Structures are given as C-alpha cells and as structure tokens.
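To keep things clear, I will list the structure first and then write my remarks on it.
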Amino acid sequence: MTASDQTAAPAPTSAPPSPVPAVAVTGLGVRLGGLPVLRQVDLRVESGRMVALLGANGSGKTTLIRALLGLTPYQSGSIELFGQPQADFKGWAAIGYVPQRATISLHSTTLIEVVRSGVLARRRRRSDRPATRPLDPAASAAAGAGPARGRSRARAFDPAIAALTEVGLADQAKELFLHLSGGQQQRALLARALAQDPDLLVLDEPLAGVDLTHQRSIADQLDRFRRQGRSVLAVLHETDALAHLIDRAVVLREGRVTHDGPLPELPPSHRHEHEAPLKPAGLVTGMEPRWIS
Amino acid sequence: MDFLTLAFMQRALLTAGLAGLASPAIGTYIVQRRLALLGDGLGHVAIAGVGLALLTGMAPLPAAVAVCVVGALAIELLRQRGRTSGDIGLAILFYGGLSAGILMASAAGRGAGALQAYLFGSLTTVSWGDLQLVCGLTLVVLIFAVGRSRQLFVICADEDYARVIGLPVRLYNYLIVVLAAVTVTTAMRTVGLLLVSALMVIPVATAQNLCRGFFAGLWGAMGIGLVVALGGVVAAYWADLAPGALIVVGSIVLYALSWPVAALSHRRRRRRIDQTDPTELPHQLAGSGHDHVHGPDCGHPAVEHGDHLDYLHAGHRHAPHQDHYDEH
C-alpha cells in the first residue's frame, strides 16, 4: 500500500486509528499441493478500518484469510496480528471469524448454541485481553468507549441474544441451525463472531445469500463496529451494500495483489476480462462495481 | 427389591450405572464427529490388553486400559494424518488387536474361551478392586465430558472456528479418543467389549430424536444410558439372562420408541409455527429493516391473527400498527 492510498482512504468519524495495525501481512507465499496460491502478498488492516478483499474465484482470497488465521500454513513472508508475530500471538479470541459457508454439520444443534460458541471465546478472552488491545493508549480509550464494551455490562445482558438481535434472528434462537436458510446461517455465523466482542472481524463473503434488508442491517452493524476503533477484513464478491464502509480495497489476481487503494478509484482494467458478471453491474443498487466472477 | 442386599448385585448395579452415564457422555462427541464405530474398534484393541493380562498374570482391567489408550492414540494419529491409507491402518490396528489378544490368551494356556467374560460382559464377577478403578476412571471421563462440554461442542461443531478462537483442538481430539478408550475398557465388564459401542451410540441417537439441541441431547443420552443400564441389570437378575445383551436390546427398544415421539413432536412444532404465537414482542419502529409498508400487494405471505393480518417477513410475523409494526 502506498502513502497516497492511505491518505485517500476515507477516515471514520471517531476512534483515531492505532499505529499498530490489526493485520500486517508482508511478502506472504502459500503453496497448496505444490502449486503457488499466494505470491508476495502484502496486506495491512489498520485499526478502525474496513478493508475489502476482492478478486475472482480461485484468486487466493480465502487462502489469504485462512493463512492469517493460522488455518493454512504459509511458506514465506510474515504475518503479524495486533503487532505480534502470528506464531507468538495469544489473543485469538479477539478475532471474530465468519467463514465462507456454514461449516456446522451437527444435526441437533440450535442457533443459540452456535452463537454461544462466540461467548465462550469472549470469556476466554478476558484473561488475555490486554495483549489484544491496540497498544496506543488513545486508541484503546476510544475503542473501549464503545457502547457495547466494558465489564460492567457483561452481566447485564446475554451477549448471544444481543448478537442474535443485531442480525435479526433473536426470535429463531431455538430453531435447529441446519433448518435455517443459507442467508440466515450466514447471519448466525456473524452473530457468533459478534458475540465474541472482537477487535477484528474477518469475514469471508458475509453477504452471500443474505437478502437486501439484512444486507443493510449488517452494513449498519459493521459501521458501528468500525466506529468503535475496531477493524474489518472482508472478502467480498459484491461490494454494493458495504461500499460506503470500505476504507480500502485490495484486489487479488492469481495469487498476487494487483490493486491496493480506495474502492472508488479502482481502475476498470483491474476487472478481469474473462470474468463476465453473472448479472449486469449495479443490478441491485445501480451504484457500485461488482467483483463477481 | 431384595436383590439390593446382595453384594454382587450392588457392585453390578454400580458398575452398570457408571457405564450407563459415561458411555453416552463421551459417545455424544464420538457420534457428532462421525466416529460412531470407534468404540467397536477400541473394543477390539482392548482384547489385546486382556490377552496380555492373561499371559503375564496382570490384572485384566488396568492392562486393557493401558493397551486401549495406546491404541486410541494410534487411531487419532492416523486420523489426523488424514491419509487415504487411514482406513486400512485402522482395520489393521483393530483386527491386529483382536488376533493378538486371542493369541496371547492361547499362549497362556487359557484358550479363547477365557476371553468370553470380557467379550460379552460378566457383571456378577466384578470385584471391589475393579469397582474402585471403574469409579475413578468413570469420574475422570464424566468430569471431562460434562465439565468441558462447551469447548468440546465448539470443536465438534466447527473445528476451524475452534482453532481460530484459540482452543487446543489437537489436544482435545486426543483426549476424546483416549477417554473413549477408558470408557470402553471400564464398560467391558458391563456390556462386554463386543457390545460396548452400542452403549456409546444408541442412547445418543435416541436422545437426538427426543431432545432439541446439543446440550439437551448430552444430558438426555446420559439419562437414557443410566436407565437402560440399571434396567438391563435388574431384568437380567429376574429373567436370568445375559445383562450386557439385555442392556443393548433395551437401548434399541427405546430408540425404536423414540421415532414416533420425534415424528409427533416435529409435527406439533410445525403446527405451532403455522399458528400464531401469543407472545407479545416489543413494538418496533417502522422503517427499521423495511423499505415498504406491509399490505395485500407487498408480496409477503399474510397470516390471519385474531382481528388482523400478520405478514411473514424475514422469519418474523409483522403486523402493521400506526407508524410502526408489531412482531407477533
């Protein structure tokens, strides 16, 4: 990322960014089955910023996310999380992960049980919370001033129900997870991540299958999250609903970063000629470019 | 109830009760990880431990526990390596354990018949020494299976997510199979090594039919396991039949009975969803999540509710009311 990109990125209205980025990936190389999937990838997610990861199917977006979460081994480069090398990082509970597809296969699991997994991470986190906070005191204070934070509120409400309410699924808390639609499952996994009270949200196509009404409510939720000084890294195929929140867009092509800058300035040449959109661009809102393959 | 005064029946009931609690408890995680037949395989490995005990003169239970735990670690190692040869490796381990047990029993001059008490269970020959060891080991299994149930649930439900939030997934996976091995060997006197897997799997499947949710299923499976284990021992006393087989048959009968109950419950639930729910939910401001006013032409299905219509919208039943909508 260049300095001009940083200055061009729209700043959120509160919570000044911490000098310590939530994610700093440098020269990352990943090979899967002997084939290079990521080559010399750099990625930086500042505190209080939302970064969109764009690119065609197979461009390496999910592999990049899995590598920074420690789910896929990498062969070269470095990954730092909240200023600590990934190998030494202990504050994993501060990272809320929403996978690309619902990976929950238990037939008898209810929605509330799934979301309470996030509360478990929240409880685990209390013991190591200082290590995961931004190191800059001003940013810490700003982030800690958010309305949903603080120990005093911990006993006043159920974080799992609160998270389900935020994604509009509170009335289905006792439904079986596998009986929900794909879009509802996606929102449930977002609720699980929100219940952690994380400092960084890593979302892999969070809007897949989600209806327009709930896309907007997810956008509102992410906006509040970002304004509290926390960070979002989201793999997106359609930027429409979240375009106004994206501080920076990183485009991957064949495992390399081909663009790192503000979304509106993304030149058309970065769209792949062979990737015809499934639907005409802007079909939903008529506003933003699509990155769908 | 005079059988309760008999010392061997007291030991039998206590041993069976503990097996009835512990087997479905650890079995819940085994079943959820789609390793339902792991208990069966571990039972084969435990036979090698019994054979070793017969050959060396060791106490059978500790020897079977030790050998079965080593076998369980090998099984998990093979599973985690995830190679295509894993199935073949498991098969070699299972049948190797069985044949090694028979060979060692034969070499000890006892013949394969000496293994019968362990293969099919022999509750009435449980000693107080065995009972103490069974109590201690079962307690460890229950503390782990119940005390760490939230962590184990996350690992069973979504292993990637468990890793991301920092749970030691590999350690828990090893603990699950090791404690499954301990459960198999402690239950071998109750239902026998050939039938022990049934007590780990069938009460869990029955509870899944009857209970809604993972944790309700865990407690339900333990309750069902306890009932069939104690019921099997008492029935075996009165009918003079093999207790292990009766426990398993009782489990299967309960499972069969749970099917119509599950079907009825499912139908009731569907009917309840179709009908209106009298629960009053808070008023919500119109426009929060709405880009239109519900009405006959809005496209959302209408449901009759008392003197008005609710509109099904995003999983809610919305009733337009002045400048907001109510959730019914």
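Residues in the structure tokens are numbered from 1 in each chain, the chains being A, B, ... in the order shown, and ligands are numbered from 1 in the order shown.
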Requested in this report: Pick out the chain A residues within 10 Å of chain B. Count only C-alpha atoms. Give them as a PyMOL selection string.
Outcome: chain A and resi 66+68-71+89-99+102-114+116-118+120-122+124-125+168-172+174-177+180+184+193+196+211-217
Requested in this report: Please report, as a PyMOL selection string, each residue of stretch 106-295 of chain B to which DSSP assigns helix (DSSP H, G or I) when run on this structure's backbone.
Outcome: chain B and resi 106-107+112-120+123-125+128-147+149-157+159-164+169-186+196-210+214-239+243-274
Restrict the selected residues to C-alpha atoms and save them as a compact mmCIF listing (two decimals), in the first residue's frame.
```txt
# COMPACT_ATOMS: atom_id res chain seq x y z
CA SER B 106 -3.97 -69.19 23.82
CA ALA B 107 -0.27 -68.91 24.70
CA ALA B 112 -10.12 -68.11 23.52
CA GLY B 113 -12.88 -69.12 25.96
CA ALA B 114 -11.10 -67.22 28.72
CA LEU B 115 -11.90 -64.01 26.84
CA GLN B 116 -15.63 -64.67 26.88
CA ALA B 117 -16.27 -62.79 30.13
CA TYR B 118 -14.73 -59.67 28.57
CA LEU B 119 -16.26 -60.07 25.13
CA PHE B 120 -19.84 -60.36 26.40
CA LEU B 123 -21.17 -58.15 35.75
CA THR B 124 -21.56 -60.66 38.54
CA THR B 125 -17.81 -61.29 38.74
CA TRP B 128 -14.40 -54.40 44.75
CA GLY B 129 -10.91 -53.64 43.37
CA ASP B 130 -12.33 -53.45 39.84
CA LEU B 131 -15.16 -51.27 41.09
CA GLN B 132 -12.78 -48.75 42.68
CA LEU B 133 -10.81 -48.44 39.45
CA VAL B 134 -14.01 -48.20 37.38
CA CYS B 135 -15.35 -45.47 39.72
CA GLY B 136 -12.15 -43.43 39.49
CA LEU B 137 -11.82 -43.68 35.72
CA THR B 138 -15.51 -43.00 35.11
CA LEU B 139 -15.28 -39.90 37.27
CA VAL B 140 -12.41 -38.63 35.09
CA VAL B 141 -14.46 -39.29 31.92
CA LEU B 142 -17.54 -37.53 33.32
CA ILE B 143 -15.59 -34.50 34.57
CA PHE B 144 -14.08 -34.09 31.11
CA ALA B 145 -17.23 -34.83 29.09
CA VAL B 146 -19.50 -32.58 31.17
CA GLY B 147 -17.03 -30.02 32.51
CA SER B 149 -18.75 -29.69 27.18
CA ARG B 150 -18.76 -26.13 25.78
CA GLN B 151 -15.25 -26.46 24.39
CA LEU B 152 -15.95 -29.95 23.06
CA PHE B 153 -19.16 -28.71 21.42
CA VAL B 154 -17.27 -25.98 19.54
CA ILE B 155 -14.68 -28.49 18.34
CA CYS B 156 -17.35 -30.97 17.21
CA ALA B 157 -19.48 -28.26 15.58
CA GLU B 159 -13.19 -27.31 14.12
CA ASP B 160 -11.84 -24.35 12.10
CA TYR B 161 -13.66 -21.87 14.31
CA ALA B 162 -12.39 -23.66 17.42
CA ARG B 163 -8.82 -23.24 16.13
CA VAL B 164 -9.35 -19.57 15.34
CA VAL B 169 -8.10 -28.61 19.16
CA ARG B 170 -5.47 -31.31 18.71
CA LEU B 171 -5.18 -31.87 22.46
CA TYR B 172 -8.96 -32.13 22.83
CA ASN B 173 -9.15 -34.58 19.92
CA TYR B 174 -6.58 -36.82 21.60
CA LEU B 175 -8.42 -36.54 24.91
CA ILE B 176 -11.72 -37.56 23.30
CA VAL B 177 -10.30 -40.81 21.90
CA VAL B 178 -8.22 -41.57 25.00
CA LEU B 179 -11.24 -41.15 27.25
CA ALA B 180 -13.32 -43.18 24.80
CA ALA B 181 -10.73 -45.93 25.25
CA VAL B 182 -11.00 -45.62 29.03
CA THR B 183 -14.80 -45.80 28.77
CA VAL B 184 -14.67 -48.88 26.55
CA THR B 185 -12.45 -50.75 28.96
CA THR B 186 -14.37 -49.75 32.07
CA VAL B 196 -19.77 -51.60 24.30
CA SER B 197 -20.08 -49.44 21.19
CA ALA B 198 -23.86 -49.85 21.38
CA LEU B 199 -23.98 -48.11 24.76
CA MET B 200 -21.88 -45.27 23.35
CA VAL B 201 -24.03 -44.76 20.27
CA ILE B 202 -27.67 -45.87 20.69
CA PRO B 203 -28.61 -43.72 23.73
CA VAL B 204 -27.08 -40.73 21.89
CA ALA B 205 -29.17 -41.43 18.79
CA THR B 206 -32.29 -41.87 20.97
CA ALA B 207 -31.63 -38.58 22.76
CA GLN B 208 -31.20 -36.80 19.43
CA ASN B 209 -34.69 -37.98 18.49
CA LEU B 210 -36.19 -36.79 21.77
CA PHE B 214 -26.75 -30.44 21.59
CA PHE B 215 -26.60 -29.99 25.36
CA ALA B 216 -30.13 -31.28 25.95
CA GLY B 217 -29.05 -34.28 23.87
CA LEU B 218 -25.95 -34.79 26.03
CA TRP B 219 -27.95 -34.86 29.28
CA GLY B 220 -30.72 -36.89 27.66
CA ALA B 221 -28.26 -39.51 26.40
CA MET B 222 -26.72 -39.85 29.86
CA GLY B 223 -30.18 -40.26 31.42
CA ILE B 224 -31.20 -42.87 28.84
CA GLY B 225 -27.87 -44.69 29.30
CA LEU B 226 -28.38 -44.81 33.06
CA VAL B 227 -31.94 -46.10 32.75
CA VAL B 228 -31.15 -48.86 30.24
CA ALA B 229 -28.01 -49.95 32.14
CA LEU B 230 -29.76 -50.26 35.50
CA GLY B 231 -32.91 -51.67 33.88
CA GLY B 232 -30.85 -54.24 32.00
CA VAL B 233 -29.12 -55.48 35.15
CA VAL B 234 -32.38 -55.80 37.10
CA ALA B 235 -34.12 -57.52 34.18
CA ALA B 236 -31.18 -59.88 33.81
CA TYR B 237 -31.45 -60.76 37.52
CA TRP B 238 -35.15 -61.60 37.28
CA ALA B 239 -35.02 -63.34 33.91
CA PRO B 243 -27.12 -58.43 31.33
CA GLY B 244 -24.91 -56.95 28.58
CA ALA B 245 -27.17 -58.15 25.80
CA LEU B 246 -30.29 -57.03 27.69
CA ILE B 247 -28.85 -53.53 28.13
CA VAL B 248 -28.21 -53.25 24.41
CA VAL B 249 -31.61 -54.68 23.45
CA GLY B 250 -33.25 -52.24 25.90
CA SER B 251 -31.35 -49.37 24.22
CA ILE B 252 -32.57 -50.45 20.80
CA VAL B 253 -36.18 -50.74 22.03
CA LEU B 254 -36.03 -47.20 23.44
CA TYR B 255 -34.53 -45.97 20.17
CA ALA B 256 -37.36 -47.57 18.22
CA LEU B 257 -39.92 -45.98 20.56
CA SER B 258 -38.28 -42.57 20.15
CA TRP B 259 -39.07 -42.46 16.43
CA PRO B 260 -42.83 -41.92 16.67
CA VAL B 261 -42.30 -39.47 19.56
CA ALA B 262 -39.85 -37.48 17.41
CA ALA B 263 -42.24 -37.51 14.44
CA LEU B 264 -45.14 -36.33 16.65
CA SER B 265 -43.03 -33.59 18.21
CA HIS B 266 -41.88 -32.42 14.77
CA ARG B 267 -45.48 -32.27 13.53
CA ARG B 268 -46.59 -30.31 16.62
CA ARG B 269 -43.78 -27.86 16.18
CA ARG B 270 -44.64 -27.27 12.56
CA ARG B 271 -48.27 -26.70 13.52
CA ARG B 272 -47.22 -24.26 16.24
CA ILE B 273 -45.13 -22.30 13.74
CA ASP B 274 -48.09 -22.19 11.33
```
Query raised in the report: Skipping near chain neighbours, those fewer than 6 positions away, what residues fall within 12 Å of A:Gly27 using only C-alpha atoms, listed as a VMD selection string?
Result: chain A and resid 38 to 44 64 74 to 80 255 to 257
**Report entry** Straight-line distance linking atom CA of B:Gly49 with atom CA of B:Gly20, stated in Å to one decimal
**Finding:** 22.5 Å
Query - Surrounding residues of stretch 246-249 of chain A excluding itself and chain neighbours under 2 positions, 7 Å, only C-alpha atoms, as a list in words - result: Ala9, Pro10, Arg49, Met50, Val51, Ala52, Leu53, Leu54, Leu242, Ala243, His244, Val251, Asp260, Gly261, Pro262 and Leu263 of chain A
I need the residues from that last selection saved to file as a PDB file, in the first residue's frame (with C-alpha atoms), if you can.
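Printed below is part.pdb as written:
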```pdb
ATOM      1  CA  ALA A   9      -8.853   6.410   2.356  1.00  0.00           C
ATOM      2  CA  PRO A  10     -11.941   7.915   3.996  1.00  0.00           C
ATOM      3  CA  ARG A  49     -10.654   0.498   9.150  1.00  0.00           C
ATOM      4  CA  MET A  50     -12.550  -1.803   6.843  1.00  0.00           C
ATOM      5  CA  VAL A  51     -10.568  -3.462   4.092  1.00  0.00           C
ATOM      6  CA  ALA A  52     -12.302  -5.330   1.277  1.00  0.00           C
ATOM      7  CA  LEU A  53     -10.510  -8.248  -0.336  1.00  0.00           C
ATOM      8  CA  LEU A  54     -11.675  -8.624  -3.913  1.00  0.00           C
ATOM      9  CA  LEU A 242     -20.905  -2.259   2.039  1.00  0.00           C
ATOM     10  CA  ALA A 243     -19.295   0.127  -0.472  1.00  0.00           C
ATOM     11  CA  HIS A 244     -19.770   3.194   1.725  1.00  0.00           C
ATOM     12  CA  VAL A 251      -7.635  -6.907  -5.333  1.00  0.00           C
ATOM     13  CA  ASP A 260      -4.388  -1.707  -3.051  1.00  0.00           C
ATOM     14  CA  GLY A 261      -6.322   1.513  -2.714  1.00  0.00           C
ATOM     15  CA  PRO A 262      -9.666   3.164  -2.206  1.00  0.00           C
ATOM     16  CA  LEU A 263     -12.591   1.376  -3.789  1.00  0.00           C
TER      17      LEU A 263
END
```
